[in-house]
file input_29.csv (CSV, C-alpha atoms)
chain,number,residue,atom,x,y,z
E,25,MET,CA,14.9,81.1,-136.9
E,26,GLN,CA,16.6,81.1,-140.4
E,27,TYR,CA,20.1,82.5,-140.4
E,28,PHE,CA,22.0,83.9,-143.3
E,29,ALA,CA,25.6,84.7,-144.2
E,30,ILE,CA,26.4,88.0,-145.8
E,31,LYS,CA,29.3,87.5,-148.1
E,32,CYS,CA,31.0,90.7,-149.2
E,33,SER,CA,34.2,92.7,-149.3
E,34,PHE,CA,34.5,96.4,-148.6
E,35,SER,CA,34.0,97.3,-152.2
E,36,CYS,CA,30.5,95.8,-152.4
E,37,SER,CA,27.5,98.1,-153.1
E,38,TYR,CA,24.9,98.6,-150.4
E,39,ASN,CA,22.3,96.4,-152.2
E,40,GLU,CA,24.9,93.6,-152.7
E,41,PHE,CA,25.9,93.8,-149.1
E,42,LEU,CA,22.5,93.6,-147.5
E,43,TYR,CA,20.4,91.7,-150.0
E,44,SER,CA,21.8,89.8,-153.0
E,45,SER,CA,24.5,88.2,-150.9
E,46,TYR,CA,22.1,86.5,-148.5
E,47,VAL,CA,22.5,82.7,-148.8
E,48,SER,CA,20.2,80.4,-146.8
E,49,GLY,CA,22.0,78.0,-144.5
E,50,ALA,CA,25.2,80.0,-144.5
E,51,PHE,CA,26.7,78.2,-147.6
E,52,GLY,CA,25.7,74.7,-146.4
E,53,GLN,CA,27.0,73.0,-143.3
E,54,ASP,CA,30.6,74.2,-143.6
E,55,TRP,CA,29.6,77.8,-142.6
E,56,SER,CA,27.2,78.4,-139.8
E,57,VAL,CA,26.5,80.4,-136.7
E,58,LYS,CA,23.7,79.7,-134.2
E,59,TYR,CA,23.1,82.4,-131.6
E,60,THR,CA,22.2,81.3,-128.1
E,61,GLN,CA,19.7,84.1,-127.8
E,62,THR,CA,18.4,86.6,-130.4
E,63,ARG,CA,17.1,89.2,-128.0
E,64,LYS,CA,18.7,90.6,-124.8
E,65,CYS,CA,17.3,93.0,-122.3
E,66,ALA,CA,19.7,94.8,-119.9
E,67,LEU,CA,19.5,97.4,-117.3
E,68,LYS,CA,21.5,100.5,-118.0
E,69,GLY,CA,24.9,100.0,-116.4
E,70,PHE,CA,24.7,96.2,-116.6
E,71,THR,CA,27.2,93.9,-118.1
E,72,VAL,CA,25.8,91.8,-121.0
E,73,TYR,CA,26.9,88.5,-122.4
E,74,MET,CA,26.0,87.4,-126.0
E,75,SER,CA,27.2,84.2,-127.6
E,76,GLY,CA,27.0,82.2,-130.8
E,77,ASP,CA,28.1,78.7,-131.9
E,78,TYR,CA,30.1,79.0,-135.1
E,79,ARG,CA,31.4,76.6,-137.7
E,80,TYR,CA,33.7,77.2,-140.8
E,81,PRO,CA,35.7,74.9,-143.2
E,82,SER,CA,38.6,73.4,-141.3
E,83,HIS,CA,41.1,73.9,-144.2
E,84,LEU,CA,40.9,77.7,-144.1
E,85,GLU,CA,43.8,79.7,-142.6
E,86,GLY,CA,44.2,83.1,-141.1
E,87,VAL,CA,40.7,82.9,-139.5
E,88,LYS,CA,39.6,85.8,-137.4
E,89,ARG,CA,36.3,86.2,-135.7
E,90,PHE,CA,34.8,89.2,-134.0
E,91,TRP,CA,31.5,90.8,-133.1
E,92,ALA,CA,30.2,93.8,-135.0
E,93,ILE,CA,27.0,95.9,-135.0
E,94,ASN,CA,24.6,96.3,-137.9
E,95,PRO,CA,26.3,96.6,-141.3
E,96,GLY,CA,26.1,100.0,-142.9
E,97,ARG,CA,26.1,101.4,-146.4
E,98,LYS,CA,29.5,100.5,-148.0
E,99,VAL,CA,31.0,100.1,-144.6
E,100,GLU,CA,33.2,97.1,-143.6
E,101,PRO,CA,32.0,95.7,-140.2
E,102,VAL,CA,34.2,97.0,-137.4
E,103,ASP,CA,35.6,94.8,-134.7
E,104,LEU,CA,34.0,96.2,-131.5
E,105,THR,CA,37.2,95.9,-129.5
E,106,THR,CA,38.8,98.5,-131.9
E,107,ASP,CA,35.8,100.8,-132.0
E,108,PRO,CA,36.3,103.9,-129.8
E,109,GLU,CA,32.7,103.7,-128.7
E,110,TYR,CA,33.3,100.1,-127.3
E,111,SER,CA,37.0,99.9,-126.7
E,112,GLY,CA,37.7,99.2,-123.0
E,113,ARG,CA,34.1,97.9,-122.5
E,114,THR,CA,34.2,94.8,-124.6
E,115,GLU,CA,35.9,91.4,-124.3
E,116,TYR,CA,35.8,88.2,-126.3
E,117,PHE,CA,36.3,84.7,-125.0
E,118,GLU,CA,35.6,81.1,-126.0
E,119,GLY,CA,33.2,78.9,-124.0
E,120,ARG,CA,32.4,75.3,-124.3
E,121,ASN,CA,31.2,73.7,-127.6
E,122,LYS,CA,32.8,76.5,-129.6
E,123,LEU,CA,30.6,79.2,-128.2
E,124,PHE,CA,32.1,82.6,-129.0
E,125,TYR,CA,31.2,85.2,-126.3
E,126,LEU,CA,30.9,89.0,-126.4
E,127,LYS,CA,31.1,90.6,-123.0
E,128,LEU,CA,29.8,94.2,-123.1
E,129,MET,CA,30.1,96.3,-119.9
E,130,ASN,CA,28.3,99.4,-118.6
E,131,VAL,CA,25.7,99.4,-121.3
E,132,THR,CA,23.7,102.5,-122.2
E,133,GLU,CA,20.9,103.3,-124.6
E,134,ARG,CA,23.5,104.1,-127.2
E,135,ASP,CA,24.4,100.4,-127.3
E,136,GLU,CA,20.9,99.4,-128.6
E,137,HIS,CA,21.9,97.6,-131.8
E,138,MET,CA,21.9,94.2,-133.5
E,139,TYR,CA,25.2,92.4,-132.7
E,140,SER,CA,26.5,89.8,-135.2
E,141,ILE,CA,29.5,87.6,-135.6
E,142,ARG,CA,31.9,88.4,-138.4
E,143,ILE,CA,34.3,85.7,-139.6
E,144,THR,CA,37.2,86.6,-142.0
E,145,THR,CA,39.9,84.5,-143.5
E,146,ASN,CA,43.0,85.1,-145.7
E,147,ILE,CA,40.8,84.4,-148.7
E,148,GLU,CA,38.7,87.5,-149.5
E,149,SER,CA,35.8,85.4,-150.9
E,150,GLN,CA,35.6,83.5,-147.6
E,151,ARG,CA,34.5,86.2,-145.3
E,152,TYR,CA,31.0,86.3,-143.7
E,153,LEU,CA,28.8,88.3,-141.4
E,154,PHE,CA,26.1,86.1,-139.9
E,155,TYR,CA,22.8,88.0,-139.8
E,156,PRO,CA,20.4,88.5,-138.1
E,157,GLY,CA,22.3,88.5,-134.8
E,158,VAL,CA,21.4,89.5,-131.3
E,159,THR,CA,19.2,92.5,-130.7
E,160,LEU,CA,20.0,94.4,-127.5
E,161,ASN,CA,17.5,96.6,-125.6
E,162,VAL,CA,18.6,98.7,-122.7
E,163,THR,CA,16.2,99.9,-120.0
E,164,GLY,CA,16.1,101.9,-116.9
E,165,LEU,CA,14.0,101.4,-113.8
E,166,ARG,CA,10.9,103.4,-113.0
E,167,VAL,CA,8.5,103.3,-110.1
E,168,GLU,CA,4.8,103.3,-110.9
E,169,SER,CA,2.8,104.6,-108.0
E,170,PRO,CA,-0.5,106.4,-107.4
E,171,GLU,CA,0.2,110.0,-106.3
E,172,ARG,CA,-2.4,110.0,-103.5
E,173,VAL,CA,-3.9,107.0,-101.6
E,174,SER,CA,-6.1,106.6,-98.6
E,175,GLU,CA,-5.1,105.3,-95.2
E,176,GLY,CA,-6.2,101.7,-94.6
E,177,ASN,CA,-6.3,100.6,-98.2
E,178,THR,CA,-3.8,98.4,-100.0
E,179,THR,CA,-1.2,100.4,-102.1
E,180,ARG,CA,1.0,98.7,-104.7
E,181,LEU,CA,4.1,100.3,-106.1
E,182,THR,CA,5.6,98.6,-109.2
E,183,CYS,CA,9.2,98.7,-110.4
E,184,THR,CA,8.9,98.6,-114.2
E,185,THR,CA,11.2,98.3,-117.2
E,186,THR,CA,10.7,98.7,-120.9
E,187,CYS,CA,11.8,95.1,-121.6
E,188,PRO,CA,11.8,91.9,-119.5
E,189,LEU,CA,15.0,91.5,-117.5
E,190,PRO,CA,16.6,88.0,-117.5
E,191,ASP,CA,17.2,85.6,-114.7
E,192,ARG,CA,14.3,86.6,-112.3
E,193,PRO,CA,16.1,89.6,-110.7
E,194,THR,CA,15.7,90.4,-107.0
E,195,TYR,CA,14.2,93.8,-106.4
E,196,ILE,CA,15.2,96.1,-103.5
E,197,TRP,CA,13.0,99.0,-102.4
E,198,TYR,CA,14.0,102.3,-100.7
E,199,LYS,CA,11.9,104.8,-98.9
E,200,ASN,CA,13.5,108.3,-98.5
E,201,GLY,CA,16.8,106.6,-99.3
E,202,ARG,CA,16.6,103.9,-96.7
E,203,ARG,CA,16.0,100.2,-97.6
E,204,VAL,CA,12.6,98.8,-97.0
E,205,ASP,CA,12.5,95.3,-95.4
E,206,ARG,CA,10.1,92.9,-97.1
E,207,ASN,CA,9.7,89.2,-97.6
E,208,ASP,CA,8.8,89.0,-101.4
E,209,GLU,CA,12.0,90.4,-103.0
E,210,GLU,CA,11.6,88.2,-106.1
E,211,THR,CA,8.7,90.3,-107.3
E,212,ASN,CA,8.8,93.8,-108.6
E,213,VAL,CA,5.8,94.9,-106.5
E,214,LEU,CA,6.0,96.6,-103.1
E,215,SER,CA,2.6,96.2,-101.3
E,216,LEU,CA,1.7,98.5,-98.4
E,217,ARG,CA,-1.1,96.6,-96.7
E,218,PRO,CA,-2.7,98.3,-95.0
E,219,THR,CA,-1.4,101.7,-96.0
E,220,ARG,CA,-0.6,104.0,-93.1
E,221,ILE,CA,0.0,107.8,-92.9
E,222,GLU,CA,3.7,107.1,-92.1
E,223,ASP,CA,4.0,105.4,-95.5
E,224,THR,CA,4.1,108.9,-97.1
E,225,GLY,CA,7.5,109.4,-98.7
E,226,SER,CA,9.7,109.0,-101.8
E,227,TYR,CA,10.2,105.5,-103.1
E,228,SER,CA,12.8,104.1,-105.4
E,229,CYS,CA,13.8,100.6,-106.5
E,230,ALA,CA,16.9,98.8,-107.6
E,231,VAL,CA,18.0,95.3,-108.7
E,232,ARG,CA,20.2,93.3,-106.3
E,233,GLY,CA,23.8,93.5,-107.4
E,234,TYR,CA,23.2,96.9,-109.0
E,235,GLU,CA,22.1,98.8,-105.9
E,236,GLY,CA,24.1,101.8,-107.2
E,237,LEU,CA,21.7,102.1,-110.2
E,238,PRO,CA,18.4,102.8,-108.5
E,239,SER,CA,15.3,104.2,-110.2
E,240,PRO,CA,14.3,107.9,-109.9
E,241,ALA,CA,12.3,108.4,-106.7
E,242,ALA,CA,8.5,108.6,-106.9
E,243,ALA,CA,6.4,110.5,-104.3
E,244,LEU,CA,3.6,108.8,-102.4
E,245,SER,CA,1.1,110.8,-100.4
E,246,VAL,CA,-1.2,109.1,-97.9
E,247,ARG,CA,-4.5,110.8,-97.0
E,248,CYS,CA,-6.1,110.4,-93.5
E,249,GLU,CA,-9.8,109.9,-93.7
E,250,TYR,CA,-12.3,110.5,-90.8
E,251,LEU,CA,-15.8,109.3,-90.6
E,252,LEU,CA,-18.0,112.1,-89.3
E,253,SER,CA,-21.2,111.5,-87.3
E,254,ALA,CA,-23.4,112.4,-90.3
E,255,GLY,CA,-21.8,109.6,-92.3
E,256,GLN,CA,-19.6,111.9,-94.3
E,257,ILE,CA,-15.9,111.1,-95.0
E,258,TYR,CA,-13.4,113.9,-94.4
E,259,SER,CA,-9.9,113.6,-95.9
E,260,LEU,CA,-6.7,115.3,-94.8
call {"tool": "encode", "arguments": {"input": "input_29.csv", "output": "structure tokens"}}
result
Amino acid sequence: MQYFAIKCSFSCSYNEFLYSSYVSGAFGQDWSVKYTQTRKCALKGFTVYMSGDYRYPSHLEGVKRFWAINPGRKVEPVDLTTDPEYSGRTEYFEGRNKLFYLKLMNVTERDEHMYSIRITTNIESQRYLFYPGVTLNVTGLRVESPERVSEGNTTRLTCTTTCPLPDRPTYIWYKNGRRVDRNDEETNVLSLRPTRIEDTGSYSCAVRGYEGLPSPAAALSVRCEYLLSAGQIYSL
């Protein structure tokens, strides 16, 4: 992906801030940021980590770097650690190979933004916002289930999200609030094979490590079918 540096002071107009100040390659090799990932999916309530490898001219002094959300009209990007919406939920730290990390805790749908690294110096003309950054999507869990199924058939309940969660999460299922024992916890599907009358109930799912953030419960009703002597099927 091609990255750009937005060079601007607080006094810049909207068009200058977003468009005319884009410079390919972030002013050559002296200025650059490479984000580890450009898209992140997180479950509501998760802790999210974003990172970028940054470079700037070594002779500059008074260097400060921080994370900010999308630049706005005539608005200087705000350090997230000083933003009331993020204060207390954000941390910065350095990793290996000059990776600059943002740790964002207890995410909600209101945190769905693009996050970019901002580097400032004591020279006003040497301040940049590296864009595009990392886009965060926040999702909840939802159980997809047929409302009514027949005894003896195979029933599949699926724990779904609106974006793919990272790191192959382990899924936990609950029936009427009690954990369901199963052997295939790495998948997001609960198979009832064969389906029995006693499988009727309310089902919810959660991700291991975040059991306190389960999905809303979904009801499953199992019908009992009888084969009458005349060949007709009668359902209860």
call {"tool": "residues_near_point", "arguments": {"input": "input_29.csv", "point": "(5.7, 109.2, -94.6)", "cutoff": "9 Å", "atoms": "all atoms listed in the file", "output": "PyMOL selection string"}}
result
chain E and resi 199-200+220-226+244-246
call {"tool": "write_last_selection", "arguments": {"input": "input_29.csv", "atoms": "C-alpha atoms", "output": "PDB file, in the frame of the given file"}}
result
ATOM      1  CA  LYS E 199      11.900 104.800 -98.900  1.00  0.00           C
ATOM      2  CA  ASN E 200      13.500 108.300 -98.500  1.00  0.00           C
ATOM      3  CA  ARG E 220      -0.600 104.000 -93.100  1.00  0.00           C
ATOM      4  CA  ILE E 221       0.000 107.800 -92.900  1.00  0.00           C
ATOM      5  CA  GLU E 222       3.700 107.100 -92.100  1.00  0.00           C
ATOM      6  CA  ASP E 223       4.000 105.400 -95.500  1.00  0.00           C
ATOM      7  CA  THR E 224       4.100 108.900 -97.100  1.00  0.00           C
ATOM      8  CA  GLY E 225       7.500 109.400 -98.700  1.00  0.00           C
ATOM      9  CA  SER E 226       9.700 109.000-101.800  1.00  0.00           C
ATOM     10  CA  LEU E 244       3.600 108.800-102.400  1.00  0.00           C
ATOM     11  CA  SER E 245       1.100 110.800-100.400  1.00  0.00           C
ATOM     12  CA  VAL E 246      -1.200 109.100 -97.900  1.00  0.00           C
TER      13      VAL E 246
END
call {"tool": "atom_distance", "arguments": {"input": "input_29.csv", "atom1": "atom CA of Ser82 of chain E", "atom2": "atom CA of Tyr59 of chain E"}}
result
20.4 Å
call {"tool": "closest_residue", "arguments": {"input": "input_29.csv", "among": "E:Leu237, E:Ala243, E:Val102, E:Ala92", "to": "Gly69 of chain E", "atoms": "all atoms listed in the file"}}
result
E:Leu237
call {"tool": "atom_distance", "arguments": {"input": "input_29.csv", "atom1": "atom CA of Arg113 of chain E", "atom2": "atom CA of Gly86 of chain E"}}
result
25.8 Å
call {"tool": "residues_around", "arguments": {"input": "input_29.csv", "residues": "Val231 of chain E", "least_positions_apart": "4", "cutoff": "8 Å", "atoms": "only C-alpha atoms", "output": "MDAnalysis selection string"}}
result
chainID E and resid 193:196 235 237:238
call {"tool": "residues_around", "arguments": {"input": "input_29.csv", "residues": "Asn177 of chain E", "least_positions_apart": "2", "cutoff": "12 Å", "atoms": "only C-alpha atoms", "output": "number ranges by chain"}}
result
E: 172-175, 179-180, 215-221, 223, 246-249
call {"tool": "write_last_selection", "arguments": {"input": "input_29.csv", "atoms": "C-alpha atoms", "output": "PDB file, in the frame of the given file"}}
result
ATOM      1  CA  ARG E 172      -2.400 110.000-103.500  1.00  0.00           C
ATOM      2  CA  VAL E 173      -3.900 107.000-101.600  1.00  0.00           C
ATOM      3  CA  SER E 174      -6.100 106.600 -98.600  1.00  0.00           C
ATOM      4  CA  GLU E 175      -5.100 105.300 -95.200  1.00  0.00           C
ATOM      5  CA  THR E 179      -1.200 100.400-102.100  1.00  0.00           C
ATOM      6  CA  ARG E 180       1.000  98.700-104.700  1.00  0.00           C
ATOM      7  CA  SER E 215       2.600  96.200-101.300  1.00  0.00           C
ATOM      8  CA  LEU E 216       1.700  98.500 -98.400  1.00  0.00           C
ATOM      9  CA  ARG E 217      -1.100  96.600 -96.700  1.00  0.00           C
ATOM     10  CA  PRO E 218      -2.700  98.300 -95.000  1.00  0.00           C
ATOM     11  CA  THR E 219      -1.400 101.700 -96.000  1.00  0.00           C
ATOM     12  CA  ARG E 220      -0.600 104.000 -93.100  1.00  0.00           C
ATOM     13  CA  ILE E 221       0.000 107.800 -92.900  1.00  0.00           C
ATOM     14  CA  ASP E 223       4.000 105.400 -95.500  1.00  0.00           C
ATOM     15  CA  VAL E 246      -1.200 109.100 -97.900  1.00  0.00           C
ATOM     16  CA  ARG E 247      -4.500 110.800 -97.000  1.00  0.00           C
ATOM     17  CA  CYS E 248      -6.100 110.400 -93.500  1.00  0.00           C
ATOM     18  CA  GLU E 249      -9.800 109.900 -93.700  1.00  0.00           C
TER      19      GLU E 249
END
call {"tool": "residues_around", "arguments": {"input": "input_29.csv", "residues": "Lys127 of chain E", "least_positions_apart": "5", "cutoff": "6 Å", "atoms": "all atoms listed in the file", "output": "JSON, numbers by chain"}}
result
{"E": [72, 73, 114, 115]}
call {"tool": "write_last_selection", "arguments": {"input": "input_29.csv", "atoms": "C-alpha atoms", "output": "compact mmCIF listing (two decimals), keeping the file's coordinate frame"}}
result
# COMPACT_ATOMS: atom_id res chain seq x y z
CA VAL E 72 25.80 91.80 -121.00
CA TYR E 73 26.90 88.50 -122.40
CA THR E 114 34.20 94.80 -124.60
CA GLU E 115 35.90 91.40 -124.30
call {"tool": "residues_around", "arguments": {"input": "input_29.csv", "residues": "Arg120 of chain E", "least_positions_apart": "2", "cutoff": "12 Å", "atoms": "only C-alpha atoms", "output": "number ranges by chain"}}
result
E: 75-78, 117-118, 122-125
call {"tool": "atom_distance", "arguments": {"input": "input_29.csv", "atom1": "atom CA of Leu214 of chain E", "atom2": "atom CA of Ser239 of chain E"}}
result
14.0 Å
call {"tool": "closest_residue", "arguments": {"input": "input_29.csv", "among": "E:Arg89, E:Arg202, E:Arg79, E:Arg63", "to": "Tyr139 of chain E", "atoms": "all atoms listed in the file"}}
result
E:Arg63
call {"tool": "closest_residue", "arguments": {"input": "input_29.csv", "among": "E:Asp205, E:Asp107, E:Asp191, E:Glu133", "to": "Leu160 of chain E", "atoms": "all atoms listed in the file"}}
result
E:Glu133
call {"tool": "build_atoms", "arguments": {"input": "input_29.csv", "residues": "segment 142-156 of chain E", "atoms": "N, CA, C and O atoms", "output": "compact mmCIF listing (two decimals), keeping the file's coordinate frame"}}
result
# COMPACT_ATOMS: atom_id res chain seq x y z
N ARG E 142 31.19 88.20 -137.13
CA ARG E 142 31.90 88.40 -138.40
C ARG E 142 33.08 87.41 -138.40
O ARG E 142 33.85 87.38 -137.44
N ILE E 143 33.20 86.59 -139.46
CA ILE E 143 34.30 85.70 -139.60
C ILE E 143 35.07 86.02 -140.89
O ILE E 143 34.45 86.07 -141.97
N THR E 144 36.36 86.27 -140.79
CA THR E 144 37.20 86.60 -142.00
C THR E 144 38.30 85.52 -142.07
O THR E 144 38.67 84.90 -141.07
N THR E 145 38.81 85.35 -143.28
CA THR E 145 39.90 84.50 -143.50
C THR E 145 40.94 85.17 -144.42
O THR E 145 40.71 86.32 -144.83
N ASN E 146 42.03 84.47 -144.76
CA ASN E 146 43.00 85.10 -145.70
C ASN E 146 42.58 85.01 -147.12
O ASN E 146 43.28 85.49 -148.00
N ILE E 147 41.40 84.44 -147.38
CA ILE E 147 40.80 84.40 -148.70
C ILE E 147 39.64 85.40 -148.73
O ILE E 147 38.68 85.22 -147.98
N GLU E 148 39.70 86.42 -149.57
CA GLU E 148 38.70 87.50 -149.50
C GLU E 148 37.29 86.98 -149.79
O GLU E 148 36.31 87.50 -149.27
N SER E 149 37.17 85.94 -150.61
CA SER E 149 35.80 85.40 -150.90
C SER E 149 35.26 84.57 -149.80
O SER E 149 34.12 84.13 -149.88
N GLN E 150 36.05 84.32 -148.77
CA GLN E 150 35.60 83.50 -147.60
C GLN E 150 35.54 84.34 -146.38
O GLN E 150 36.23 84.11 -145.39
N ARG E 151 34.68 85.34 -146.42
CA ARG E 151 34.50 86.20 -145.30
C ARG E 151 32.98 86.47 -145.14
O ARG E 151 32.33 86.86 -146.10
N TYR E 152 32.46 86.29 -143.93
CA TYR E 152 31.00 86.30 -143.70
C TYR E 152 30.62 87.10 -142.48
O TYR E 152 31.33 87.07 -141.48
N LEU E 153 29.46 87.74 -142.60
CA LEU E 153 28.80 88.30 -141.40
C LEU E 153 27.49 87.58 -141.25
O LEU E 153 26.67 87.52 -142.18
N PHE E 154 27.27 86.99 -140.09
CA PHE E 154 26.10 86.10 -139.90
C PHE E 154 24.97 86.95 -139.26
O PHE E 154 25.05 87.43 -138.13
N TYR E 155 23.90 87.07 -140.06
CA TYR E 155 22.80 88.00 -139.80
C TYR E 155 21.49 87.27 -140.02
O TYR E 155 21.41 86.46 -140.94
N PRO E 156 20.44 87.50 -139.20
CA PRO E 156 20.40 88.50 -138.10
C PRO E 156 21.12 87.93 -136.85
O PRO E 156 21.30 86.72 -136.69
